[in-house]
file work29.tsv (TSV, C-alpha atoms)
chain	number	residue	atom	x	y	z
A	8	MET	CA	140.53	155.94	-80.15
A	9	SER	CA	138.42	152.91	-81.13
A	10	SER	CA	134.70	153.31	-81.67
A	11	TYR	CA	132.40	152.43	-78.78
A	12	SER	CA	130.85	148.94	-79.08
A	13	GLN	CA	127.10	149.06	-78.58
A	14	PHE	CA	127.01	145.26	-78.71
A	15	LYS	CA	129.40	144.96	-75.74
A	16	ALA	CA	127.26	147.45	-73.85
A	17	PHE	CA	124.19	145.39	-74.72
A	18	LYS	CA	125.82	142.19	-73.38
A	19	SER	CA	126.97	143.88	-70.18
A	20	LEU	CA	123.59	145.42	-69.46
A	21	THR	CA	121.82	142.13	-70.23
A	22	LYS	CA	124.06	140.21	-67.81
A	23	ALA	CA	123.53	142.84	-65.14
A	24	SER	CA	119.74	142.67	-65.59
A	25	ILE	CA	119.67	138.86	-65.37
A	26	ARG	CA	121.81	138.92	-62.21
A	27	SER	CA	119.47	141.52	-60.74
A	28	MET	CA	116.40	139.36	-61.46
A	29	LEU	CA	118.05	136.25	-60.00
A	30	LYS	CA	118.77	138.17	-56.81
A	31	SER	CA	115.23	139.56	-56.63
A	32	PRO	CA	112.86	137.40	-54.52
A	33	SER	CA	109.80	138.89	-56.23
A	34	SER	CA	111.10	137.94	-59.70
A	35	VAL	CA	111.66	134.33	-58.68
A	36	ILE	CA	108.30	134.14	-56.86
A	37	PHE	CA	106.25	135.58	-59.74
A	38	SER	CA	108.14	133.70	-62.47
A	39	ILE	CA	108.59	130.25	-60.97
A	40	ALA	CA	107.57	129.70	-57.34
A	41	PHE	CA	104.01	131.03	-57.37
A	42	PRO	CA	102.79	129.34	-60.61
A	43	LEU	CA	104.64	126.15	-59.64
A	44	VAL	CA	102.73	125.98	-56.34
A	45	PHE	CA	99.42	126.12	-58.23
A	46	ILE	CA	100.59	123.47	-60.69
A	47	LEU	CA	101.65	121.17	-57.86
A	48	VAL	CA	98.37	121.67	-56.00
A	49	PHE	CA	96.16	121.04	-59.04
A	50	GLY	CA	98.47	118.28	-60.27
A	51	PHE	CA	98.16	116.32	-57.04
A	52	ILE	CA	94.42	116.94	-56.89
A	53	GLY	CA	94.16	115.36	-60.34
A	54	ASP	CA	90.80	115.15	-62.11
A	55	ARG	CA	88.55	114.50	-59.15
A	56	THR	CA	85.26	115.82	-60.41
A	57	ASN	CA	81.85	114.74	-59.15
A	58	LYS	CA	79.98	115.10	-62.43
A	59	VAL	CA	80.43	113.31	-65.73
A	60	LYS	CA	80.47	115.74	-68.67
A	61	ILE	CA	78.29	114.49	-71.52
A	62	GLY	CA	77.13	116.08	-74.75
A	63	ILE	CA	73.79	115.75	-76.48
A	64	PRO	CA	73.52	116.96	-80.11
A	65	VAL	CA	70.86	119.62	-80.63
A	66	GLN	CA	69.36	117.56	-83.46
A	67	SER	CA	68.58	114.68	-81.08
A	68	GLU	CA	64.98	113.81	-80.25
A	69	LEU	CA	64.41	115.60	-76.94
A	70	ASN	CA	60.75	114.85	-76.23
A	71	ASN	CA	61.35	111.59	-74.36
A	72	PRO	CA	62.01	110.37	-70.80
A	73	VAL	CA	65.68	109.55	-71.56
A	74	TYR	CA	66.59	113.17	-72.29
A	75	SER	CA	64.56	114.50	-69.35
A	76	GLY	CA	66.24	112.04	-67.01
A	77	LEU	CA	69.74	112.88	-68.27
A	78	VAL	CA	69.45	116.66	-67.78
A	79	THR	CA	68.07	116.25	-64.25
A	80	ASN	CA	70.58	113.58	-63.18
A	81	LYS	CA	72.91	115.04	-60.53
A	82	GLN	CA	75.78	112.79	-61.64
A	83	LEU	CA	75.85	114.37	-65.10
A	84	GLN	CA	76.73	117.77	-66.57
A	85	VAL	CA	74.92	118.02	-69.90
A	86	THR	CA	76.12	120.20	-72.80
A	87	MET	CA	74.01	120.85	-75.90
A	88	ASP	CA	75.79	121.61	-79.19
A	89	SER	CA	75.96	120.61	-82.84
A	90	LEU	CA	77.03	117.07	-83.69
A	91	PRO	CA	80.37	118.10	-85.30
A	92	ALA	CA	81.25	120.33	-82.33
A	93	LEU	CA	80.51	117.56	-79.83
A	94	GLN	CA	82.43	115.00	-81.88
A	95	ALA	CA	85.46	117.33	-81.80
A	96	ALA	CA	85.00	117.94	-78.06
A	97	LEU	CA	84.82	114.18	-77.49
A	98	ARG	CA	88.03	113.52	-79.43
A	99	GLU	CA	89.77	116.29	-77.50
A	100	GLY	CA	88.53	115.01	-74.15
A	101	LYS	CA	86.47	118.13	-73.35
A	102	VAL	CA	83.37	115.98	-72.86
A	103	GLN	CA	83.59	112.42	-71.60
A	104	ALA	CA	80.73	110.97	-73.62
A	105	MET	CA	78.06	111.85	-76.18
A	106	LEU	CA	74.52	110.50	-76.25
A	107	GLN	CA	72.41	110.69	-79.40
A	108	ILE	CA	68.72	109.99	-79.00
A	109	ALA	CA	66.63	109.15	-82.06
A	110	LYS	CA	63.16	107.77	-82.64
A	111	GLU	CA	63.03	104.74	-84.92
A	112	PRO	CA	60.05	103.27	-86.78
A	113	ARG	CA	57.35	101.60	-84.66
A	114	GLY	CA	58.00	104.02	-81.78
A	115	LYS	CA	61.28	102.47	-80.71
A	116	TRP	CA	64.02	104.70	-79.22
A	117	LEU	CA	67.67	104.44	-80.21
A	118	VAL	CA	70.19	105.73	-77.67
A	119	GLU	CA	73.74	105.75	-79.05
A	120	ILE	CA	76.44	106.27	-76.41
A	121	SER	CA	79.84	107.35	-77.74
A	122	SER	CA	82.95	107.66	-75.61
A	123	GLY	CA	86.71	107.67	-76.02
A	124	GLN	CA	88.83	104.58	-75.58
A	125	HIS	CA	90.22	106.05	-72.36
A	126	ASN	CA	86.67	106.14	-70.96
A	127	ALA	CA	85.45	102.72	-72.10
A	128	PRO	CA	84.01	101.76	-68.66
A	129	LEU	CA	81.95	104.96	-68.76
A	130	VAL	CA	79.82	103.52	-71.58
A	131	GLN	CA	78.55	100.73	-69.30
A	132	GLN	CA	77.97	103.27	-66.52
A	133	LEU	CA	75.88	105.49	-68.80
A	134	GLU	CA	73.93	102.52	-70.11
A	135	GLY	CA	73.06	101.72	-66.52
A	136	ILE	CA	71.95	105.32	-65.96
A	137	VAL	CA	69.72	105.14	-69.07
A	138	ASN	CA	68.16	101.90	-67.79
A	139	ASP	CA	67.50	103.47	-64.38
A	140	ILE	CA	65.87	106.47	-66.05
A	141	LEU	CA	63.55	104.24	-68.06
A	142	ILE	CA	62.57	102.14	-65.05
A	143	LYS	CA	61.79	105.26	-63.01
A	144	ALA	CA	59.72	106.63	-65.88
A	145	ASP	CA	57.77	103.36	-66.18
A	146	PRO	CA	58.39	100.41	-63.83
A	147	GLN	CA	57.00	98.10	-66.51
A	148	MET	CA	59.73	99.28	-68.88
A	149	GLN	CA	62.34	96.87	-67.51
A	150	ALA	CA	60.66	93.81	-68.99
A	151	ARG	CA	60.02	95.50	-72.36
A	152	ARG	CA	63.23	97.55	-72.67
A	153	GLN	CA	64.61	95.45	-75.52
A	154	GLU	CA	61.41	96.03	-77.44
A	155	LEU	CA	61.26	99.78	-76.84
A	156	VAL	CA	64.88	100.97	-76.51
A	157	THR	CA	68.11	100.04	-78.29
A	158	VAL	CA	71.35	101.16	-76.66
A	159	LYS	CA	74.29	101.29	-79.07
A	160	GLN	CA	77.87	101.66	-77.83
A	161	THR	CA	80.64	103.36	-79.81
A	162	LEU	CA	84.30	103.92	-78.87
A	163	ILE	CA	86.42	106.49	-80.70
A	164	ASN	CA	90.10	107.41	-80.73
A	165	ASP	CA	90.79	110.24	-78.30
A	166	HIS	CA	93.33	111.57	-75.85
A	167	SER	CA	92.35	112.25	-72.29
A	168	PHE	CA	92.04	115.90	-71.23
A	169	LYS	CA	93.44	116.24	-67.70
A	170	MET	CA	93.20	119.11	-65.24
A	171	ILE	CA	96.92	119.83	-65.64
A	172	ASP	CA	96.32	120.38	-69.40
A	173	PHE	CA	94.09	123.34	-68.51
A	174	ILE	CA	95.92	124.67	-65.46
A	175	LEU	CA	99.52	124.74	-66.73
A	176	PRO	CA	99.01	127.16	-69.68
A	177	GLY	CA	96.97	129.42	-67.41
A	178	GLN	CA	99.76	129.51	-64.84
A	179	LEU	CA	102.32	130.29	-67.53
A	180	GLY	CA	100.13	133.22	-68.57
A	181	PHE	CA	99.79	134.31	-64.95
A	182	SER	CA	103.56	134.17	-64.47
A	183	LEU	CA	104.49	136.04	-67.64
A	184	LEU	CA	101.85	138.75	-67.27
A	185	ALA	CA	102.65	139.45	-63.61
A	186	ALA	CA	106.42	139.42	-64.03
A	187	SER	CA	106.34	141.52	-67.21
A	188	VAL	CA	104.02	144.25	-65.96
A	189	PHE	CA	105.21	144.52	-62.36
A	190	GLY	CA	108.89	143.83	-63.14
A	191	THR	CA	109.20	146.28	-66.02
A	192	ALA	CA	107.27	149.02	-64.22
A	193	PHE	CA	109.34	148.80	-61.02
A	194	VAL	CA	112.71	148.43	-62.76
A	195	PHE	CA	112.39	151.45	-65.03
A	196	TYR	CA	110.74	153.60	-62.37
A	197	HIS	CA	113.62	152.97	-59.97
A	198	LEU	CA	116.27	153.39	-62.69
A	199	ARG	CA	114.76	156.79	-63.45
A	200	GLN	CA	114.35	157.84	-59.81
A	201	MET	CA	117.91	156.77	-58.87
A	202	LEU	CA	119.21	158.75	-61.89
A	203	VAL	CA	120.76	155.62	-63.39
A	204	LEU	CA	119.13	156.33	-66.74
A	205	LYS	CA	120.38	159.92	-66.58
A	206	ARG	CA	123.94	158.67	-65.99
A	207	PHE	CA	123.63	156.47	-69.08
A	208	PHE	CA	123.13	159.66	-71.11
A	209	ALA	CA	126.69	160.69	-70.19
A	210	THR	CA	127.98	157.55	-71.91
A	211	PRO	CA	127.92	156.61	-75.61
A	212	ILE	CA	125.27	153.93	-74.92
A	213	ARG	CA	122.18	154.46	-77.04
A	214	ARG	CA	118.79	154.64	-75.36
A	215	SER	CA	117.53	151.82	-77.56
A	216	VAL	CA	120.33	149.56	-76.29
A	217	VAL	CA	119.24	150.18	-72.68
A	218	LEU	CA	115.67	149.17	-73.50
A	219	LEU	CA	116.67	146.20	-75.65
A	220	SER	CA	119.08	144.81	-73.06
A	221	GLU	CA	116.47	144.94	-70.29
A	222	GLY	CA	113.84	143.41	-72.58
A	223	PHE	CA	116.16	140.65	-73.79
A	224	ALA	CA	117.26	139.83	-70.23
A	225	ARG	CA	113.64	139.54	-69.11
A	226	VAL	CA	112.76	137.31	-72.09
A	227	VAL	CA	115.70	134.98	-71.36
A	228	PHE	CA	114.84	134.81	-67.64
A	229	GLN	CA	111.11	134.29	-68.14
A	230	LEU	CA	111.45	131.73	-70.96
A	231	THR	CA	113.87	129.71	-68.82
A	232	GLY	CA	111.25	129.70	-66.08
A	233	ALA	CA	108.53	128.77	-68.56
A	234	LEU	CA	110.58	125.84	-69.87
A	235	PHE	CA	111.16	124.65	-66.30
A	236	ILE	CA	107.42	124.76	-65.56
A	237	ILE	CA	106.55	122.88	-68.78
A	238	LEU	CA	109.07	120.14	-67.98
A	239	ILE	CA	107.76	119.81	-64.41
A	240	GLY	CA	104.25	119.43	-65.81
A	241	LYS	CA	105.34	116.86	-68.40
A	242	TYR	CA	107.52	114.58	-66.27
A	243	PHE	CA	105.68	114.81	-62.95
A	244	PHE	CA	102.02	115.19	-63.98
A	245	ASP	CA	101.90	113.83	-67.54
A	246	TYR	CA	101.12	117.21	-69.10
A	247	THR	CA	100.04	116.66	-72.72
A	248	LEU	CA	102.56	117.76	-75.37
A	249	VAL	CA	101.09	116.27	-78.53
A	250	LYS	CA	104.14	116.79	-80.76
A	251	GLY	CA	106.83	116.58	-78.10
A	252	TRP	CA	109.69	119.07	-78.38
A	253	LEU	CA	108.13	120.77	-81.42
A	254	THR	CA	105.17	121.61	-79.18
A	255	VAL	CA	107.54	122.93	-76.49
A	256	LEU	CA	109.30	125.13	-79.07
A	257	ASN	CA	105.99	126.55	-80.32
A	258	MET	CA	104.88	127.21	-76.74
A	259	LEU	CA	108.10	129.09	-76.00
A	260	ILE	CA	107.66	131.21	-79.15
A	261	VAL	CA	104.14	132.16	-78.02
A	262	CYS	CA	105.51	132.88	-74.52
A	263	GLY	CA	108.12	135.18	-76.07
A	264	ILE	CA	105.46	137.07	-78.03
A	265	GLY	CA	103.30	137.33	-74.92
A	266	LEU	CA	106.23	138.67	-72.89
A	267	LEU	CA	106.99	141.43	-75.37
A	268	VAL	CA	103.31	142.43	-75.47
A	269	PHE	CA	102.86	142.42	-71.68
A	270	MET	CA	106.09	144.39	-71.12
A	271	SER	CA	104.64	147.32	-73.07
A	272	PHE	CA	102.12	147.93	-70.30
A	273	GLY	CA	104.92	147.85	-67.74
A	274	PHE	CA	106.55	150.70	-69.65
A	275	VAL	CA	103.25	152.59	-69.63
A	276	ILE	CA	102.81	152.19	-65.87
A	277	SER	CA	106.41	153.19	-65.11
A	278	GLY	CA	105.83	156.34	-67.16
A	279	ILE	CA	102.66	157.48	-65.40
A	280	ALA	CA	103.52	156.42	-61.84
A	281	LYS	CA	104.34	159.37	-59.56
A	282	SER	CA	105.74	157.11	-56.80
A	283	ASP	CA	106.61	153.46	-56.36
A	284	SER	CA	103.60	153.00	-54.07
A	285	VAL	CA	101.32	153.79	-57.03
A	286	ILE	CA	102.76	151.04	-59.23
A	287	PRO	CA	101.04	148.02	-57.56
A	288	PRO	CA	97.49	149.50	-57.78
A	289	LEU	CA	98.03	150.57	-61.40
A	290	ALA	CA	99.49	147.19	-62.33
A	291	ASN	CA	96.65	145.34	-60.57
A	292	ILE	CA	94.05	147.32	-62.50
A	293	PHE	CA	95.51	145.80	-65.67
A	294	THR	CA	96.46	142.32	-64.43
A	295	MET	CA	93.88	141.30	-61.81
A	296	PRO	CA	90.81	141.20	-64.10
A	297	GLN	CA	92.81	139.04	-66.51
A	298	PHE	CA	93.88	136.62	-63.77
A	299	LEU	CA	90.21	136.16	-62.85
A	300	LEU	CA	88.46	136.26	-66.23
A	301	ALA	CA	90.90	135.26	-68.99
A	302	GLY	CA	90.84	131.49	-68.48
A	303	THR	CA	93.68	131.28	-65.97
A	304	PHE	CA	91.93	129.17	-63.32
A	305	PHE	CA	88.67	128.23	-65.05
A	306	ALA	CA	87.27	128.25	-68.58
A	307	VAL	CA	85.90	131.49	-70.01
A	308	ASP	CA	82.72	129.73	-71.16
A	309	VAL	CA	81.56	129.16	-67.56
A	310	LEU	CA	81.22	132.93	-67.09
A	311	PRO	CA	77.95	134.82	-67.65
A	312	GLY	CA	77.55	136.05	-71.22
A	313	TRP	CA	78.34	139.71	-70.46
A	314	LEU	CA	81.55	138.73	-68.64
A	315	GLN	CA	82.57	136.52	-71.56
A	316	VAL	CA	82.41	139.60	-73.80
A	317	ILE	CA	84.83	141.40	-71.46
A	318	ALA	CA	87.10	138.35	-71.20
A	319	LYS	CA	87.35	138.15	-74.98
A	320	LEU	CA	88.77	141.67	-75.06
A	321	MET	CA	91.72	140.72	-72.85
A	322	PRO	CA	95.15	139.79	-74.28
A	323	LEU	CA	95.72	137.03	-71.71
A	324	THR	CA	92.63	135.19	-73.02
A	325	TYR	CA	94.22	134.82	-76.45
A	326	PHE	CA	97.60	133.90	-74.98
A	327	ASN	CA	95.98	131.09	-72.94
A	328	ASN	CA	93.90	129.90	-75.91
A	329	ALA	CA	96.98	129.70	-78.14
A	330	LEU	CA	99.04	127.75	-75.59
A	331	ARG	CA	96.26	125.23	-74.93
A	332	ALA	CA	95.63	124.68	-78.64
A	333	ILE	CA	99.35	124.12	-79.30
A	334	ALA	CA	99.93	121.78	-76.34
A	335	PHE	CA	96.75	119.67	-76.36
A	336	ASP	CA	95.50	119.83	-79.96
A	337	GLY	CA	98.92	119.87	-81.61
A	338	ALA	CA	98.16	123.17	-83.37
A	339	GLY	CA	100.96	124.99	-85.17
A	340	LEU	CA	101.69	128.71	-85.00
A	341	TRP	CA	99.76	129.31	-88.21
A	342	THR	CA	96.71	127.57	-86.74
A	343	VAL	CA	96.65	129.97	-83.78
A	344	ARG	CA	97.41	133.02	-85.95
A	345	TYR	CA	94.13	134.70	-84.95
A	346	ASP	CA	95.08	134.58	-81.25
A	347	LEU	CA	98.60	135.79	-82.02
A	348	LEU	CA	97.23	138.60	-84.20
A	349	ILE	CA	95.07	139.85	-81.31
A	350	LEU	CA	98.10	139.67	-79.00
A	351	LEU	CA	100.21	141.67	-81.45
A	352	LEU	CA	97.43	144.22	-81.81
A	353	TRP	CA	97.51	144.70	-78.04
A	354	GLY	CA	101.29	145.07	-78.34
A	355	LEU	CA	100.89	147.89	-80.87
A	356	ILE	CA	98.45	149.64	-78.54
A	357	GLY	CA	100.76	149.17	-75.57
A	358	TYR	CA	103.92	150.43	-77.25
A	359	ALA	CA	102.08	153.35	-78.85
A	360	ALA	CA	100.93	154.39	-75.36
A	361	ALA	CA	104.41	153.76	-73.93
A	362	ALA	CA	105.98	156.01	-76.58
A	363	LYS	CA	103.72	158.84	-75.40
A	364	LEU	CA	103.99	158.26	-71.65
A	365	PHE	CA	107.40	156.72	-70.95
A	366	LYS	CA	109.89	159.12	-69.31
A	367	TRP	CA	113.68	158.89	-69.32
A	368	GLU	CA	114.12	161.48	-66.55

call {"tool": "encode", "arguments": {"input": "work29.tsv", "output": "structure tokens"}}
result
Amino acid sequence: MSSYSQFKAFKSLTKASIRSMLKSPSSVIFSIAFPLVFILVFGFIGDRTNKVKIGIPVQSELNNPVYSGLVTNKQLQVTMDSLPALQAALREGKVQAMLQIAKEPRGKWLVEISSGQHNAPLVQQLEGIVNDILIKADPQMQARRQELVTVKQTLINDHSFKMIDFILPGQLGFSLLAASVFGTAFVFYHLRQMLVLKRFFATPIRRSVVLLSEGFARVVFQLTGALFIILIGKYFFDYTLVKGWLTVLNMLIVCGIGLLVFMSFGFVISGIAKSDSVIPPLANIFTMPQFLLAGTFFAVDVLPGWLQVIAKLMPLTYFNNALRAIAFDGAGLWTVRYDLLILLLWGLIGYAAAAKLFKWE
């Protein structure tokens, strides 16, 4: 009698799991359809914002009518930060322009307007806004503006940050977190309740093979969906992939790590759930705050300070940060190692809890 092949069992169980997910409407909706709808909606909306985002370095001279007029102008959204931080934000497209205000000898003001090459017309628009501010401050200023104010224009190399560049990584995170937690919890709960897992014990299949096959099947299914979403974003909405296919590969590696981490909490929920009706509330307790706070639909830095502290404790925050840095900034895996380390730490916590709570029978 030949020895039982665990590898053949692994392949068979993996194929069965993938077929099951393909036949499951909820798997397809959470993995592809739902995030794709959001991407299409935000993609077609584009970058239609009412306010122009500008930065003013904290070391600028602020006791002058130009600064006062800029911060009260309803067309502008003003951010204060250090000069290096704003220069980086300008290159990355996170602010559309930077205005430095300095006082020169003889009481003359120097206003230097910097913008990316993609926003060259914005420089003229901002110069017009500065002129309007000065005229409103002193109607006599128009005739003497050249004597009192110098406006300097600077264009820098940049790449334009589009709405799709923010939304797509968030929707990937939404998809992977929802499918991993809900999918894993429901699958293993039902396998246990229908005594399928118990029947496996009557076969030579190892318990580890059962877990690995389900996990591998979910990774293959979810990464295929993630690749599809990335390609839709790239070829239909010009989603930024700075290093092309190398960026795609790095994104898929991060997605794989995220999947394995998020699945651990599905195992935990399947272990503590007393009925299948309890699974959705338990899963939502873990997933819903992350959908709302972890940078899925809007940036974490727009939240109040106390909510930002909570958001920075969530694994999805670091997953989203890593994906955005890789796609838009061209970061490598080593560059986002801090985010990945936090993710892996959450994975250790999740699997440690799963080892205590997961039930086979």

call {"tool": "atom_distance", "arguments": {"input": "work29.tsv", "atom1": "atom CA of Tyr325 of chain A", "atom2": "atom CA of Ala186 of chain A"}}
result
18.0 Å

call {"tool": "atom_distance", "arguments": {"input": "work29.tsv", "atom1": "atom CA of Leu248 of chain A", "atom2": "atom CA of Phe305 of chain A"}}
result
20.2 Å

call {"tool": "closest_residue", "arguments": {"input": "work29.tsv", "among": "A:Phe326, A:Thr254, A:Ala109, A:Ala104", "to": "Asn70 of chain A", "atoms": "all atoms listed in the file"}}
result
A:Ala109

call {"tool": "closest_residue", "arguments": {"input": "work29.tsv", "among": "A:Phe228, A:Tyr74, A:Phe17, A:Phe304", "to": "Leu175 of chain A", "atoms": "all atoms listed in the file"}}
result
A:Phe304

call {"tool": "closest_residue", "arguments": {"input": "work29.tsv", "among": "A:Leu300, A:Val85, A:Leu129, A:Leu43", "to": "Trp313 of chain A", "atoms": "all atoms listed in the file"}}
result
A:Leu300

call {"tool": "closest_atom_pairs", "arguments": {"input": "work29.tsv", "of": "segment 252-321 of chain A", "to": "segment 335-354 of chain A", "cutoff": "10 Å", "atoms": "all atoms listed in the file", "output": "tab-separated table"}}
result
residue	atom	partner	partner_atom	distance
A:Leu253	CA	A:Gly339	CA	9.1
A:Thr254	CA	A:Gly337	CA	6.9
A:Asn257	CA	A:Leu340	CA	6.7
A:Met258	CA	A:Leu340	CA	9.0
A:Ile260	CA	A:Leu340	CA	8.7
A:Val261	CA	A:Leu347	CA	7.7
A:Ile264	CA	A:Leu351	CA	7.8
A:Gly265	CA	A:Leu350	CA	7.0
A:Leu266	CA	A:Gly354	CA	9.8
A:Leu267	CA	A:Gly354	CA	7.4
A:Val268	CA	A:Gly354	CA	4.4
A:Phe269	CA	A:Gly354	CA	7.3
A:Met270	CA	A:Gly354	CA	8.7
A:Ser271	CA	A:Gly354	CA	6.6
A:Phe272	CA	A:Gly354	CA	8.6
A:Leu320	CA	A:Ile349	CA	9.1
A:Met321	CA	A:Trp353	CA	8.7

call {"tool": "atom_distance", "arguments": {"input": "work29.tsv", "atom1": "atom CA of Ser24 of chain A", "atom2": "atom CA of Gly180 of chain A"}}
result
22.0 Å

call {"tool": "closest_atom_pairs", "arguments": {"input": "work29.tsv", "of": "segment 220-276 of chain A", "to": "segment 191-214 of chain A", "cutoff": "9 Å", "atoms": "only C-alpha atoms", "output": "CSV"}}
result
residue,atom,partner,partner_atom,distance
A:Glu221,CA,A:Thr191,CA,8.5
A:Gly222,CA,A:Thr191,CA,8.5
A:Arg225,CA,A:Thr191,CA,8.6
A:Met270,CA,A:Thr191,CA,6.3
A:Ser271,CA,A:Thr191,CA,8.5
A:Phe272,CA,A:Ala192,CA,8.0
A:Gly273,CA,A:Ala192,CA,4.4
A:Phe274,CA,A:Ala192,CA,5.7
A:Val275,CA,A:Ala192,CA,7.6
A:Ile276,CA,A:Ala192,CA,5.7

call {"tool": "closest_residue", "arguments": {"input": "work29.tsv", "among": "A:Ala95, A:Ile120, A:Cys262, A:Leu364", "to": "Ile237 of chain A", "atoms": "all atoms listed in the file"}}
result
A:Cys262

call {"tool": "closest_residue", "arguments": {"input": "work29.tsv", "among": "A:Ser182, A:Val226, A:Gly302, A:Pro64", "to": "Ile317 of chain A", "atoms": "all atoms listed in the file"}}
result
A:Gly302

call {"tool": "closest_residue", "arguments": {"input": "work29.tsv", "among": "A:Thr247, A:Pro72, A:Gln229, A:Ser12", "to": "Phe173 of chain A", "atoms": "all atoms listed in the file"}}
result
A:Thr247
